[in-house]
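What follows is target38.tsv (TSV, N, CA and C atoms).
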chain	number	residue	atom	x	y	z
A	1	MET	N	-10.40	-9.58	4.86
A	1	MET	CA	-10.64	-8.64	3.78
A	1	MET	C	-10.15	-9.18	2.43
A	2	ALA	N	-9.08	-9.96	2.47
A	2	ALA	CA	-8.55	-10.51	1.22
A	2	ALA	C	-9.59	-11.38	0.52
A	3	LYS	N	-10.36	-12.15	1.31
A	3	LYS	CA	-11.37	-13.02	0.71
A	3	LYS	C	-12.43	-12.21	-0.04
A	4	LEU	N	-12.77	-11.03	0.48
A	4	LEU	CA	-13.74	-10.17	-0.21
A	4	LEU	C	-13.19	-9.71	-1.56
A	5	THR	N	-11.92	-9.32	-1.56
A	5	THR	CA	-11.30	-8.91	-2.82
A	5	THR	C	-11.20	-10.08	-3.78
A	6	LEU	N	-10.78	-11.23	-3.28
A	6	LEU	CA	-10.66	-12.41	-4.13
A	6	LEU	C	-12.00	-12.83	-4.70
A	7	LYS	N	-13.07	-12.62	-3.94
A	7	LYS	CA	-14.42	-12.97	-4.42
A	7	LYS	C	-14.76	-12.20	-5.69
A	8	ASN	N	-14.30	-10.95	-5.78
A	8	ASN	CA	-14.56	-10.15	-6.99
A	8	ASN	C	-13.96	-10.78	-8.24
A	9	PHE	N	-12.95	-11.64	-8.04
A	9	PHE	CA	-12.28	-12.28	-9.17
A	9	PHE	C	-12.60	-13.78	-9.23
A	10	GLY	N	-13.59	-14.23	-8.43
A	10	GLY	CA	-13.96	-15.63	-8.43
A	10	GLY	C	-12.89	-16.54	-7.85
A	11	GLN	N	-12.05	-15.99	-6.98
A	11	GLN	CA	-10.91	-16.75	-6.44
A	11	GLN	C	-10.98	-16.91	-4.92
A	12	GLU	N	-12.15	-16.70	-4.31
A	12	GLU	CA	-12.26	-16.71	-2.86
A	12	GLU	C	-11.92	-18.06	-2.22
A	13	ASN	N	-11.93	-19.13	-3.00
A	13	ASN	CA	-11.60	-20.46	-2.46
A	13	ASN	C	-10.21	-20.94	-2.89
A	14	ASN	N	-9.46	-20.08	-3.54
A	14	ASN	CA	-8.11	-20.44	-3.98
A	14	ASN	C	-7.17	-20.32	-2.79
A	15	GLN	N	-6.85	-21.43	-2.16
A	15	GLN	CA	-6.06	-21.44	-0.93
A	15	GLN	C	-4.67	-20.85	-1.13
A	16	LYS	N	-4.13	-20.88	-2.34
A	16	LYS	CA	-2.81	-20.31	-2.61
A	16	LYS	C	-2.81	-18.79	-2.48
A	17	LEU	N	-3.96	-18.16	-2.65
A	17	LEU	CA	-4.05	-16.70	-2.62
A	17	LEU	C	-4.50	-16.14	-1.28
A	18	ILE	N	-4.99	-16.98	-0.40
A	18	ILE	CA	-5.49	-16.52	0.89
A	18	ILE	C	-4.32	-16.37	1.86
A	19	PRO	N	-4.12	-15.17	2.42
A	19	PRO	CA	-2.96	-14.95	3.29
A	19	PRO	C	-3.04	-15.73	4.59
A	20	ASP	N	-1.87	-16.06	5.12
A	20	ASP	CA	-1.77	-16.75	6.41
A	20	ASP	C	-2.00	-15.79	7.57
A	21	ILE	N	-1.66	-14.54	7.36
A	21	ILE	CA	-1.78	-13.51	8.41
A	21	ILE	C	-2.74	-12.45	7.91
A	22	GLU	N	-3.73	-12.14	8.71
A	22	GLU	CA	-4.65	-11.06	8.37
A	22	GLU	C	-4.32	-9.86	9.25
A	23	VAL	N	-4.10	-8.73	8.62
A	23	VAL	CA	-3.71	-7.52	9.34
A	23	VAL	C	-4.95	-6.71	9.64
A	24	ASP	N	-5.26	-6.57	10.93
A	24	ASP	CA	-6.41	-5.77	11.33
A	24	ASP	C	-6.04	-4.29	11.30
A	25	LYS	N	-4.99	-3.92	11.96
A	25	LYS	CA	-4.50	-2.53	11.95
A	25	LYS	C	-3.04	-2.50	11.59
A	26	GLU	N	-2.21	-3.25	12.34
A	26	GLU	CA	-0.77	-3.23	12.13
A	26	GLU	C	-0.18	-4.57	12.54
A	27	HIS	N	0.83	-4.99	11.79
A	27	HIS	CA	1.52	-6.24	12.11
A	27	HIS	C	3.01	-6.04	11.86
A	28	LYS	N	3.83	-6.37	12.85
A	28	LYS	CA	5.28	-6.25	12.70
A	28	LYS	C	5.89	-7.63	12.63
A	29	LEU	N	6.94	-7.74	11.80
A	29	LEU	CA	7.67	-8.98	11.74
A	29	LEU	C	9.13	-8.70	11.43
A	30	ARG	N	9.96	-9.65	11.80
A	30	ARG	CA	11.39	-9.56	11.54
A	30	ARG	C	11.70	-10.51	10.39
A	31	PHE	N	12.47	-10.01	9.42
A	31	PHE	CA	12.92	-10.82	8.29
A	31	PHE	C	14.43	-10.65	8.22
A	32	GLY	N	15.15	-11.60	8.77
A	32	GLY	CA	16.60	-11.44	8.89
A	32	GLY	C	16.89	-10.25	9.79
A	33	LYS	N	17.68	-9.31	9.29
A	33	LYS	CA	17.99	-8.12	10.08
A	33	LYS	C	17.00	-6.97	9.84
A	34	HIS	N	15.96	-7.22	9.09
A	34	HIS	CA	15.00	-6.17	8.73
A	34	HIS	C	13.74	-6.24	9.59
A	35	ILE	N	13.20	-5.06	9.88
A	35	ILE	CA	11.91	-4.95	10.56
A	35	ILE	C	10.89	-4.49	9.52
A	36	ILE	N	9.84	-5.26	9.36
A	36	ILE	CA	8.79	-4.94	8.39
A	36	ILE	C	7.51	-4.69	9.16
A	37	THR	N	6.91	-3.53	8.88
A	37	THR	CA	5.64	-3.18	9.50
A	37	THR	C	4.59	-3.10	8.41
A	38	ILE	N	3.53	-3.86	8.58
A	38	ILE	CA	2.43	-3.87	7.62
A	38	ILE	C	1.24	-3.20	8.28
A	39	ARG	N	0.71	-2.17	7.62
A	39	ARG	CA	-0.45	-1.44	8.15
A	39	ARG	C	-1.60	-1.53	7.15
A	40	LYS	N	-2.77	-1.79	7.67
A	40	LYS	CA	-3.97	-1.78	6.82
A	40	LYS	C	-4.13	-0.38	6.24
A	41	ASN	N	-4.46	-0.32	4.95
A	41	ASN	CA	-4.64	0.97	4.28
A	41	ASN	C	-5.64	0.81	3.14
A	42	SER	N	-6.90	0.61	3.49
A	42	SER	CA	-7.93	0.45	2.47
A	42	SER	C	-8.09	1.73	1.67
A	43	GLY	N	-7.91	1.62	0.39
A	43	GLY	CA	-8.05	2.77	-0.51
A	43	GLY	C	-8.33	2.25	-1.90
A	44	HIS	N	-7.27	1.93	-2.63
A	44	HIS	CA	-7.43	1.32	-3.95
A	44	HIS	C	-8.25	0.04	-3.84
A	45	SER	N	-7.93	-0.76	-2.83
A	45	SER	CA	-8.71	-1.96	-2.55
A	45	SER	C	-8.95	-2.06	-1.05
A	46	ILE	N	-9.99	-2.76	-0.68
A	46	ILE	CA	-10.36	-2.86	0.72
A	46	ILE	C	-9.30	-3.60	1.54
A	47	CYS	N	-8.49	-4.43	0.87
A	47	CYS	CA	-7.45	-5.18	1.58
A	47	CYS	C	-6.07	-4.55	1.38
A	48	GLY	N	-6.04	-3.27	1.01
A	48	GLY	CA	-4.77	-2.59	0.79
A	48	GLY	C	-3.95	-2.44	2.05
A	49	VAL	N	-2.63	-2.43	1.88
A	49	VAL	CA	-1.71	-2.26	3.01
A	49	VAL	C	-0.57	-1.32	2.62
A	50	LEU	N	0.04	-0.75	3.65
A	50	LEU	CA	1.32	-0.06	3.50
A	50	LEU	C	2.36	-0.98	4.10
A	51	ILE	N	3.50	-1.11	3.45
A	51	ILE	CA	4.57	-1.97	3.95
A	51	ILE	C	5.80	-1.11	4.17
A	52	ASP	N	6.17	-0.97	5.43
A	52	ASP	CA	7.32	-0.17	5.85
A	52	ASP	C	8.49	-1.11	6.12
A	53	VAL	N	9.61	-0.87	5.47
A	53	VAL	CA	10.80	-1.69	5.68
A	53	VAL	C	11.87	-0.84	6.34
A	54	ASP	N	12.20	-1.18	7.56
A	54	ASP	CA	13.28	-0.53	8.31
A	54	ASP	C	13.11	0.97	8.47
A	55	SER	N	11.89	1.46	8.42
A	55	SER	CA	11.60	2.89	8.51
A	55	SER	C	12.37	3.70	7.46
A	56	LYS	N	12.69	3.04	6.34
A	56	LYS	CA	13.40	3.70	5.24
A	56	LYS	C	12.62	3.67	3.94
A	57	PHE	N	11.84	2.62	3.75
A	57	PHE	CA	11.11	2.42	2.50
A	57	PHE	C	9.64	2.17	2.81
A	58	LEU	N	8.76	2.79	2.01
A	58	LEU	CA	7.33	2.58	2.19
A	58	LEU	C	6.72	2.15	0.87
A	59	PHE	N	6.29	0.89	0.82
A	59	PHE	CA	5.58	0.37	-0.34
A	59	PHE	C	4.12	0.77	-0.19
A	60	VAL	N	3.58	1.48	-1.17
A	60	VAL	CA	2.22	2.01	-1.05
A	60	VAL	C	1.22	1.33	-1.99
A	61	GLY	N	1.68	0.35	-2.74
A	61	GLY	CA	0.78	-0.37	-3.63
A	61	GLY	C	0.16	0.54	-4.68
A	62	ASP	N	-1.04	0.23	-5.08
A	62	ASP	CA	-1.70	0.95	-6.17
A	62	ASP	C	-2.45	2.21	-5.71
A	63	ASP	N	-2.26	2.63	-4.46
A	63	ASP	CA	-2.85	3.90	-4.04
A	63	ASP	C	-2.16	5.07	-4.73
A	64	ILE	N	-0.91	4.86	-5.12
A	64	ILE	CA	-0.17	5.85	-5.91
A	64	ILE	C	0.42	5.12	-7.11
A	65	ILE	N	0.20	5.66	-8.29
A	65	ILE	CA	0.72	5.07	-9.51
A	65	ILE	C	1.43	6.17	-10.31
A	66	ARG	N	2.60	5.85	-10.82
A	66	ARG	CA	3.37	6.77	-11.66
A	66	ARG	C	3.78	6.04	-12.93
A	67	THR	N	4.07	6.81	-13.97
A	67	THR	CA	4.67	6.22	-15.17
A	67	THR	C	6.14	5.95	-14.87
A	68	ASN	N	6.81	5.28	-15.77
A	68	ASN	CA	8.24	5.00	-15.57
A	68	ASN	C	9.08	6.27	-15.58
A	69	ASP	N	8.58	7.35	-16.17
A	69	ASP	CA	9.32	8.61	-16.11
A	69	ASP	C	8.78	9.55	-15.03
A	70	GLY	N	7.91	9.06	-14.16
A	70	GLY	CA	7.49	9.81	-12.98
A	70	GLY	C	6.21	10.61	-13.09
A	71	LYS	N	5.52	10.55	-14.23
A	71	LYS	CA	4.27	11.31	-14.36
A	71	LYS	C	3.17	10.63	-13.56
A	72	LYS	N	2.32	11.44	-12.94
A	72	LYS	CA	1.23	10.91	-12.12
A	72	LYS	C	0.15	10.28	-12.99
A	73	ILE	N	-0.39	9.19	-12.47
A	73	ILE	CA	-1.53	8.53	-13.10
A	73	ILE	C	-2.59	8.39	-12.02
A	74	LEU	N	-3.80	8.74	-12.31
A	74	LEU	CA	-4.89	8.59	-11.35
A	74	LEU	C	-5.22	7.11	-11.22
A	75	PRO	N	-5.08	6.55	-10.01
A	75	PRO	CA	-5.36	5.11	-9.85
A	75	PRO	C	-6.84	4.79	-10.01
A	76	TYR	N	-7.10	3.58	-10.43
A	76	TYR	CA	-8.45	3.06	-10.52
A	76	TYR	C	-8.95	2.83	-9.09
A	77	PHE	N	-10.15	3.28	-8.80
A	77	PHE	CA	-10.73	3.13	-7.46
A	77	PHE	C	-11.52	1.82	-7.42
A	78	ALA	N	-10.85	0.75	-7.05
A	78	ALA	CA	-11.45	-0.58	-7.07
A	78	ALA	C	-12.68	-0.67	-6.18
A	79	GLN	N	-12.68	0.06	-5.08
A	79	GLN	CA	-13.81	0.00	-4.16
A	79	GLN	C	-14.89	1.03	-4.50
A	80	ASN	N	-14.59	1.89	-5.47
A	80	ASN	CA	-15.53	2.94	-5.86
A	80	ASN	C	-15.95	3.81	-4.68
A	81	ASP	N	-15.02	4.06	-3.77
A	81	ASP	CA	-15.31	4.86	-2.58
A	81	ASP	C	-14.22	5.92	-2.43
A	82	ILE	N	-14.52	7.12	-2.88
A	82	ILE	CA	-13.53	8.20	-2.87
A	82	ILE	C	-13.10	8.55	-1.45
A	83	ASP	N	-13.97	8.35	-0.47
A	83	ASP	CA	-13.58	8.62	0.92
A	83	ASP	C	-12.48	7.67	1.39
A	84	LEU	N	-12.58	6.38	1.03
A	84	LEU	CA	-11.53	5.42	1.37
A	84	LEU	C	-10.21	5.81	0.72
A	85	VAL	N	-10.28	6.23	-0.53
A	85	VAL	CA	-9.08	6.65	-1.25
A	85	VAL	C	-8.44	7.84	-0.55
A	86	GLY	N	-9.26	8.82	-0.16
A	86	GLY	CA	-8.74	10.00	0.54
A	86	GLY	C	-8.07	9.64	1.85
A	87	GLU	N	-8.69	8.74	2.61
A	87	GLU	CA	-8.10	8.30	3.88
A	87	GLU	C	-6.78	7.55	3.65
A	88	ALA	N	-6.75	6.74	2.61
A	88	ALA	CA	-5.51	6.00	2.29
A	88	ALA	C	-4.39	6.97	1.94
A	89	LEU	N	-4.69	7.99	1.17
A	89	LEU	CA	-3.67	8.98	0.80
A	89	LEU	C	-3.19	9.76	2.02
A	90	LYS	N	-4.10	10.06	2.94
A	90	LYS	CA	-3.69	10.73	4.18
A	90	LYS	C	-2.74	9.84	4.98
A	91	SER	N	-3.03	8.56	5.05
A	91	SER	CA	-2.15	7.63	5.76
A	91	SER	C	-0.76	7.59	5.12
A	92	ILE	N	-0.73	7.62	3.81
A	92	ILE	CA	0.56	7.63	3.11
A	92	ILE	C	1.36	8.87	3.51
A	93	LEU	N	0.69	10.00	3.59
A	93	LEU	CA	1.40	11.22	4.02
A	93	LEU	C	1.94	11.09	5.43
A	94	VAL	N	1.18	10.49	6.31
A	94	VAL	CA	1.61	10.32	7.70
A	94	VAL	C	2.82	9.39	7.78
A	95	TYR	N	2.74	8.25	7.11
A	95	TYR	CA	3.76	7.22	7.27
A	95	TYR	C	4.95	7.35	6.32
A	96	SER	N	4.91	8.30	5.40
A	96	SER	CA	6.00	8.42	4.42
A	96	SER	C	7.12	9.36	4.87
A	97	LYS	N	6.98	9.98	6.02
A	97	LYS	CA	8.01	10.91	6.48
A	97	LYS	C	9.37	10.22	6.54
A	98	ASP	N	10.37	10.84	5.90
A	98	ASP	CA	11.76	10.36	5.88
A	98	ASP	C	11.92	8.99	5.24
A	99	LYS	N	11.03	8.66	4.28
A	99	LYS	CA	11.13	7.37	3.61
A	99	LYS	C	11.10	7.55	2.09
A	100	VAL	N	11.69	6.58	1.41
A	100	VAL	CA	11.53	6.46	-0.03
A	100	VAL	C	10.18	5.79	-0.26
A	101	ILE	N	9.39	6.33	-1.18
A	101	ILE	CA	8.04	5.85	-1.43
A	101	ILE	C	8.05	5.01	-2.71
A	102	ILE	N	7.58	3.78	-2.59
A	102	ILE	CA	7.59	2.87	-3.73
A	102	ILE	C	6.14	2.60	-4.14
A	103	PRO	N	5.72	3.18	-5.28
A	103	PRO	CA	4.34	2.98	-5.73
A	103	PRO	C	4.14	1.60	-6.33
A	104	GLY	N	2.89	1.25	-6.55
A	104	GLY	CA	2.56	-0.04	-7.16
A	104	GLY	C	3.09	-0.16	-8.57
A	105	HIS	N	3.17	0.94	-9.28
A	105	HIS	CA	3.65	0.97	-10.65
A	105	HIS	C	4.44	2.25	-10.86
A	106	GLY	N	5.48	2.18	-11.63
A	106	GLY	CA	6.21	3.36	-12.06
A	106	GLY	C	7.38	3.75	-11.18
A	107	LYS	N	7.84	4.95	-11.43
A	107	LYS	CA	9.06	5.48	-10.84
A	107	LYS	C	8.95	5.64	-9.32
A	108	ILE	N	10.02	5.27	-8.64
A	108	ILE	CA	10.12	5.43	-7.19
A	108	ILE	C	10.16	6.92	-6.86
A	109	ILE	N	9.56	7.29	-5.73
A	109	ILE	CA	9.49	8.68	-5.28
A	109	ILE	C	10.48	8.83	-4.13
A	110	ALA	N	11.46	9.70	-4.31
A	110	ALA	CA	12.59	9.80	-3.39
A	110	ALA	C	12.21	10.27	-1.98
A	111	SER	N	11.14	11.05	-1.87
A	111	SER	CA	10.79	11.60	-0.55
A	111	SER	C	9.35	12.10	-0.54
A	112	ARG	N	8.84	12.32	0.65
A	112	ARG	CA	7.49	12.87	0.77
A	112	ARG	C	7.46	14.28	0.16
A	113	LYS	N	8.55	15.02	0.29
A	113	LYS	CA	8.62	16.35	-0.31
A	113	LYS	C	8.45	16.25	-1.83
A	114	GLN	N	9.11	15.29	-2.44
A	114	GLN	CA	8.96	15.09	-3.88
A	114	GLN	C	7.54	14.67	-4.24
A	115	LEU	N	6.94	13.82	-3.40
A	115	LEU	CA	5.56	13.39	-3.62
A	115	LEU	C	4.62	14.60	-3.64
A	116	MET	N	4.83	15.52	-2.72
A	116	MET	CA	3.96	16.69	-2.60
A	116	MET	C	4.20	17.71	-3.72
A	117	SER	N	5.42	17.77	-4.24
A	117	SER	CA	5.73	18.81	-5.22
A	117	SER	C	5.52	18.39	-6.66
A	118	ASP	N	5.52	17.11	-6.92
A	118	ASP	CA	5.34	16.64	-8.31
A	118	ASP	C	3.99	17.00	-8.88

What would the structure in this file look like if it were written as C-alpha cells?
Amino acid sequence: MAKLTLKNFGQENNQKLIPDIEVDKEHKLRFGKHIITIRKNSGHSICGVLIDVDSKFLFVGDDIIRTNDGKKILPYFAQNDIDLVGEALKSILVYSKDKVIIPGHGKIIASRKQLMSD
C-alpha cells in the first residue's frame, strides 16, 4: 500500500521510503522493553496505521488532527473516500480504550472520553 501512496508523489521507486515490513492487518514487535502493535487503518491515506505502544499510547496519524490548543481540525481526505475515513475513526474508538491518543498534529488527547467530549 505504501507504494501506491508514494506513487501519488512520484516517489514509488525511492527505496529509502519503501517500508521493510508491510502490515496486512496487524504486526507486533518488541523494541527494548516495549511492545508495539501496528494495525492497518486506511482512512486519511490508504497506507494509514494505528501504532499502539504498551497498550498505553495510540498514535493515530492524520486521521485525527488538532491545533496546539486542542481545537478540532477536519483532516484532509487523501483517498477522497468518506467511507474509509469513517471506518478508520471507528477503529480509533475501538483501539483507544484506556490509552492516551496522539494525533498526527496538535495537542495530545488524554483519553477516549476526552476525544468523545471535545

Next item on the list: Quick one: everything within 10 Å of Asn80 in chain A, counting only C-alpha atoms, minus sequence neighbours fewer than 4 positions away in the same chain. Send it as a ChimeraX atom specification.
Entry: /A:43-45,76,84-85

Please produce a file of those selected residues containing N, CA and C atoms, as a tab-separated table (two decimals), keeping the file's coordinate frame.
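Final file, part.tsv:
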chain	number	residue	atom	x	y	z
A	43	GLY	N	-7.91	1.62	0.39
A	43	GLY	CA	-8.05	2.77	-0.51
A	43	GLY	C	-8.33	2.25	-1.90
A	44	HIS	N	-7.27	1.93	-2.63
A	44	HIS	CA	-7.43	1.32	-3.95
A	44	HIS	C	-8.25	0.04	-3.84
A	45	SER	N	-7.93	-0.76	-2.83
A	45	SER	CA	-8.71	-1.96	-2.55
A	45	SER	C	-8.95	-2.06	-1.05
A	76	TYR	N	-7.10	3.58	-10.43
A	76	TYR	CA	-8.45	3.06	-10.52
A	76	TYR	C	-8.95	2.83	-9.09
A	84	LEU	N	-12.58	6.38	1.03
A	84	LEU	CA	-11.53	5.42	1.37
A	84	LEU	C	-10.21	5.81	0.72
A	85	VAL	N	-10.28	6.23	-0.53
A	85	VAL	CA	-9.08	6.65	-1.25
A	85	VAL	C	-8.44	7.84	-0.55

Next item on the list: Quick one: everything within 7 Å of range 46-49 of chain A, counting only C-alpha atoms, minus sequence neighbours fewer than 3 positions away in the same chain. Send it as number ranges by chain.
Entry: A: 1-2, 5, 38-43, 79

Next item on the list: Have a look at atom N of Lys71 in chain A and CA of Asp54 in chain A and let me know their distance in Å, one decimal.
Entry: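 Pair atom N of Lys71 in chain A / CA of Asp54 in chain A returns 26.3 Å.
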
Notebook entry, point to check: Which residues in range 8-117 of chain A does DSSP call strand (DSSP E or B)? List them as a PyMOL selection string.
Noted result: chain A and resi 26-31+34-40+49-53+57-66+72-73+100-105+109

Next item on the list: Please provide the set of residues having any atom within 6 Å of Ile36 in chain A, restricted to all atoms listed in the file, with same-chain residues fewer than 2 positions apart removed, written as a PyMOL selection string.
Entry: chain A and resi 27-31+34+38+52-54

Notebook entry, point to check: Of the candidates A:Ile92, A:Ile108, A:Leu115, A:Val100, which one gets nearest to Ser55 in chain A if we count only C-alpha atoms?
Noted result: A:Val100

Next item on the list: Write out as a VMD selection string all residues of chain A that DSSP puts in alpha helix (DSSP H) for this structure's backbone.
Entry: chain A and resid 2 to 8 82 to 95 112 to 117

Checklist line | Selected residue of minimal separation from Leu50 in chain A among A:Thr67, A:Glu26, A:Thr37, A:Asp62, counting only N, CA and C atoms | finding: A:Thr37

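Counting only N, CA and C atoms, Ala110 in chain A has the following residues at most 8 Å away, ignoring those fewer than 6 positions along the same chain: Asp98, Lys99, Val100, Ile101 and Ile102 of chain A.
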
Once you have the residues from the selection above, write them out as a compact mmCIF listing (two decimals), in the coordinates of the input, restricted to N, CA and C atoms.
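Done, and the output landed in result19.txt:
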# COMPACT_ATOMS: atom_id res chain seq x y z
N ASP A 98 10.37 10.84 5.90
CA ASP A 98 11.76 10.36 5.88
C ASP A 98 11.92 8.99 5.24
N LYS A 99 11.03 8.66 4.28
CA LYS A 99 11.13 7.37 3.61
C LYS A 99 11.10 7.55 2.09
N VAL A 100 11.69 6.58 1.41
CA VAL A 100 11.53 6.46 -0.03
C VAL A 100 10.18 5.79 -0.26
N ILE A 101 9.39 6.33 -1.18
CA ILE A 101 8.04 5.85 -1.43
C ILE A 101 8.05 5.01 -2.71
N ILE A 102 7.58 3.78 -2.59
CA ILE A 102 7.59 2.87 -3.73
C ILE A 102 6.14 2.60 -4.14

Note to self: Taking all atoms listed in the file into account, name the residue in A:Gly86, A:Pro103, A:Pro19, A:Gly32 that is nearest to Val60 in chain A.
What the structure shows: A:Pro103

Next item on the list: Using only C-alpha atoms, determine which residues lie at most 10 Å from Ile73 in chain A, disregarding the query and same-chain residues fewer than 3 positions distant; provide the list as a PyMOL selection string.
Entry: chain A and resi 64-67+70+76+105-106

Checklist line | Pairwise distance for atom C of Glu22 in chain A and atom C of Leu58 in chain A, rounded to one decimal in Å | finding: 18.3 Å
